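Asker: Below: one structure in structure tokens.
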Amino acid sequence: MKRQASGFRIALCALALSPFCASSAFAIDARIRSQLEKLTPEERLEQRCDMEAMDRISDGKGGFRPDKVIAYAFGDPKLEGTTFKTRGAVFRSKGEWFRLSYKCEASDDRLEVNAFKYKVGDIVPHDEWAAHYLYD
């Protein structure tokens, strides 16, 4: 239950920050930095890594235009210091959800991404959306 409440707060922050995530390998501006600094270090790391995922996916092959990433839809992420790994993530692009895994290594303040690897997976069938709290 705590994860869902925290996830909701994180989702709201991600929604508020997503318009600022349009350029490749972007440096976060003062407004984004200010919003991220209000989060706990763990939430900040997850948000920063989700933002990096959207940025990298939109610059990669496949013509994706991600507008949302959820790091824990199909499994709990692993957090070790300033490294965030997930194999159970998803992202939404053009109204469809896709599986995603990534490993994100950040700076000590969790505001800069030092290394990032990701893999886009299969589309999530619509009949699985409700079970994983995915939406249009």
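Residue numbers start at 1 in each chain; chains themselves are named A, B, ... in the order of the structure tokens; ligands are numbered from 1 in the order shown.
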Using only C-alpha atoms, which protein or nucleic acid residues come within 12 Å of Lys85 of chain A? Drop anything in the same chain fewer than 6 positions from it, and give the result as a PyMOL selection string.

Answerer: chain A and resi 45-46+49-50+53+71-72+75-79+100-106+115-119

Asker: Just list the residues in chain A DSSP gives alpha helix (DSSP H) on the backbone, as a VMD selection string.

Answerer: chain A and resid 2 to 17 30 to 37 41 to 59

Asker: Report as a tab-separated table the residues of segment 109-133 of chain A within 12 Å of segment 37-43 of chain A, each with its shortest atom pair and distance in Å (one decimal), using only C-alpha atoms, ordered by chain and increasing residue number.

Answerer:
```
residue	atom	partner	partner_atom	distance
A:Asp109	CA	A:Pro41	CA	7.6
A:Arg110	CA	A:Pro41	CA	6.9
A:Leu111	CA	A:Glu37	CA	8.3
```

Asker: Which polymer residues have any atom within 12 Å of an atom of Ala130 of chain A, counting only C-alpha atoms, with same-chain residues fewer than 6 positions away left out, as a PyMOL selection string?

Answerer: chain A and resi 73+97+124+136

Asker: So the first atom is atom CA of Lys68 of chain A and the second is atom CA of Gly81 of chain A; what is the distance between them in Å, to one decimal place?

Answerer: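 So the two atoms, atom CA of Lys68 of chain A and atom CA of Gly81 of chain A, lie 24.3 Å apart.
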
Asker: Between atom CA of Gly121 of chain A and atom CA of Arg99 of chain A, what distance in Å does the model show, to one decimal?

Answerer: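 So the answer is 4.5 Å.
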
Asker: Could you please write out, as an MDAnalysis selection string, every residue of chain A that DSSP assigns to strand (DSSP E)?

Answerer: chainID A and resid 66:70 78:80 83:93 96:106 113:123

Asker: If you keep C-alpha atoms, can you produce a file of those selected residues as a PDB file, in the first residue's frame?

Answerer:
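What landed in out.pdb:
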```pdb
ATOM      1  CA  PRO A  66       7.272   8.332 -24.519  1.00  0.00           C
ATOM      2  CA  ASP A  67       5.166  10.494 -22.247  1.00  0.00           C
ATOM      3  CA  LYS A  68       5.247   8.307 -19.129  1.00  0.00           C
ATOM      4  CA  VAL A  69       7.516   5.737 -17.488  1.00  0.00           C
ATOM      5  CA  ILE A  70       6.537   3.507 -14.570  1.00  0.00           C
ATOM      6  CA  LYS A  78      16.463  -2.644  -7.197  1.00  0.00           C
ATOM      7  CA  LEU A  79      18.126   0.300  -5.510  1.00  0.00           C
ATOM      8  CA  GLU A  80      21.777   0.156  -4.496  1.00  0.00           C
ATOM      9  CA  THR A  83      22.192   2.831  -8.948  1.00  0.00           C
ATOM     10  CA  PHE A  84      18.612   2.066  -9.929  1.00  0.00           C
ATOM     11  CA  LYS A  85      17.777  -1.122 -11.878  1.00  0.00           C
ATOM     12  CA  THR A  86      14.442  -2.363 -13.103  1.00  0.00           C
ATOM     13  CA  ARG A  87      13.322  -5.189 -15.347  1.00  0.00           C
ATOM     14  CA  GLY A  88       9.651  -4.544 -14.685  1.00  0.00           C
ATOM     15  CA  ALA A  89       9.256  -1.045 -16.063  1.00  0.00           C
ATOM     16  CA  VAL A  90       6.913   0.173 -18.786  1.00  0.00           C
ATOM     17  CA  PHE A  91       6.599   3.312 -20.854  1.00  0.00           C
ATOM     18  CA  ARG A  92       3.684   4.780 -22.769  1.00  0.00           C
ATOM     19  CA  SER A  93       4.092   5.982 -26.340  1.00  0.00           C
ATOM     20  CA  GLU A  96       0.319   2.104 -26.026  1.00  0.00           C
ATOM     21  CA  TRP A  97       2.389   0.646 -23.179  1.00  0.00           C
ATOM     22  CA  PHE A  98       5.684  -1.145 -23.793  1.00  0.00           C
ATOM     23  CA  ARG A  99       7.856  -3.248 -21.487  1.00  0.00           C
ATOM     24  CA  LEU A 100      11.158  -1.682 -20.458  1.00  0.00           C
ATOM     25  CA  SER A 101      14.227  -2.608 -18.474  1.00  0.00           C
ATOM     26  CA  TYR A 102      17.002  -0.223 -17.537  1.00  0.00           C
ATOM     27  CA  LYS A 103      20.023   0.369 -15.337  1.00  0.00           C
ATOM     28  CA  CYS A 104      20.704   3.925 -14.282  1.00  0.00           C
ATOM     29  CA  GLU A 105      23.734   5.183 -12.383  1.00  0.00           C
ATOM     30  CA  ALA A 106      23.487   8.702 -10.963  1.00  0.00           C
ATOM     31  CA  VAL A 113      22.857  10.547 -14.754  1.00  0.00           C
ATOM     32  CA  ASN A 114      26.382   9.173 -15.148  1.00  0.00           C
ATOM     33  CA  ALA A 115      25.535   5.955 -17.035  1.00  0.00           C
ATOM     34  CA  PHE A 116      22.359   4.544 -18.536  1.00  0.00           C
ATOM     35  CA  LYS A 117      21.516   1.314 -20.368  1.00  0.00           C
ATOM     36  CA  TYR A 118      18.044   0.264 -21.452  1.00  0.00           C
ATOM     37  CA  LYS A 119      16.122  -2.273 -23.478  1.00  0.00           C
ATOM     38  CA  VAL A 120      12.660  -1.802 -24.946  1.00  0.00           C
ATOM     39  CA  GLY A 121      10.508  -4.900 -24.769  1.00  0.00           C
ATOM     40  CA  ASP A 122       7.182  -6.001 -26.193  1.00  0.00           C
ATOM     41  CA  ILE A 123       3.957  -4.068 -26.268  1.00  0.00           C
TER      42      ILE A 123
END
```

Asker: Distance atom CA of Arg33 of chain A-atom CA of Arg48 of chain A, one decimal place?

Answerer: 9.7 Å

Asker: When you count only C-alpha atoms, which of these residues is closest to Glu128 of chain A: A:Met51, A:Arg44, A:Asp29, A:Phe74?

Answerer: A:Phe74
